[in-house]
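Q: Next up is a structure, given as structure tokens.
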Amino acid sequence: MKYSTKVSLLFLAIWSVAFSIGKKDRNLPHPHQGLLKPYTPGPFESLKLDSSDEKLLDSGKPVMKQTQGADLAGGAICVQDVDAPKEAVWSQILDLDKYKGKVPKVAESNNYQVQQNPDGTCTIKTKMVVSVIPGYSYTSYYDHTFTP
């Protein structure tokens with residue numbers, strides 16, 4: 001048997017075993033049950049920016065960092081220096097209806113409820129569809145409470 005055929009068969013065997021072991025039971029509940037921990041704006045002590053990150057920020061580009069939680073849930077944070085008032089930045093972040101066209105891979109983003117609450121907070125409920133790869137997307141529903 002040729003070397004390349006052996007390598008191909010070995011790869012196929014390893015891939016098959018890994019795929020069958022990694023398969024999850026779709027009937028089991030997800031660890032967070034659809035409820036994520038509330039987000040608290042920074043500063044973030046756990047966020048580490050190195051000199052290459054600082055260089056990107058100095059050039060006006062954003063830096064994206066991903067996190068992995070203990071329960072297999074992950075997250076991401078995007079850091080970018082913006083020369084604008086805090087209110088203008090929050091206005092852009094909270095303009096969830098406009099994420100399509102502003103955020104890569106967002107195919108649809110529609111607020112289905114926006115309300116000012118008696119305590120001064122604002123509740124925004126949004127349906128968002130993210131196209132991960134051609135032919136595969138997922139739909140999420142977000143319940144945001146913004147505290148100015």
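In the structure tokens, chains take letters A, B, ... by order of appearance, with residues numbered from 1 within each chain and ligands from 1 in the order shown.
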At a cut-off of 12 Å, using only C-alpha atoms, what residues contact segment 105-121 of chain A? Leave out same-chain residues fewer than 4 positions from it and give the result as a ChimeraX atom specification.
A: /A:94-101,125-134,136-148
Q: If you run DSSP on the backbone, which residues of segment 47-98 of chain A are alpha helix (DSSP H), as a ChimeraX atom specification?
A: /A:51-58,86-93
Q: Take the selection from the previous step and output its residues with C-alpha atoms, as a PDB file, in the first residue's frame.
A:
```pdb
ATOM      1  CA  SER A  51       1.759  44.769  21.766  1.00  0.00           C
ATOM      2  CA  SER A  52       0.332  43.475  18.456  1.00  0.00           C
ATOM      3  CA  ASP A  53      -3.205  44.212  19.751  1.00  0.00           C
ATOM      4  CA  GLU A  54      -2.126  47.723  20.756  1.00  0.00           C
ATOM      5  CA  LYS A  55      -0.624  48.237  17.299  1.00  0.00           C
ATOM      6  CA  LEU A  56      -3.939  47.251  15.666  1.00  0.00           C
ATOM      7  CA  LEU A  57      -5.851  49.621  17.948  1.00  0.00           C
ATOM      8  CA  ASP A  58      -3.412  52.452  17.159  1.00  0.00           C
ATOM      9  CA  LYS A  86     -20.098  57.482  25.217  1.00  0.00           C
ATOM     10  CA  GLU A  87     -23.779  58.120  24.408  1.00  0.00           C
ATOM     11  CA  ALA A  88     -23.085  57.947  20.647  1.00  0.00           C
ATOM     12  CA  VAL A  89     -21.198  54.662  21.041  1.00  0.00           C
ATOM     13  CA  TRP A  90     -23.994  53.091  23.120  1.00  0.00           C
ATOM     14  CA  SER A  91     -26.529  54.352  20.584  1.00  0.00           C
ATOM     15  CA  GLN A  92     -24.726  52.406  17.839  1.00  0.00           C
ATOM     16  CA  ILE A  93     -24.334  49.275  19.969  1.00  0.00           C
TER      17      ILE A  93
END
```
Q: Quick one: distance from atom CA of Gln68 of chain A to atom CA of Cys122 of chain A in Å, one decimal?
A: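 Interatomic distance, atom CA of Gln68 of chain A to atom CA of Cys122 of chain A: 28.7 Å.
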Q: Between atom CA of Gly60 of chain A and atom CA of Val82 of chain A, what is the distance in Å, rounded to a tenth?
A: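 That distance, rounded to one decimal, is 8.3 Å.
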Q: Between atom CA of Lys65 of chain A and atom CA of Ile124 of chain A, what is the spacing in Å?
A: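 The value is 25.2 Å.
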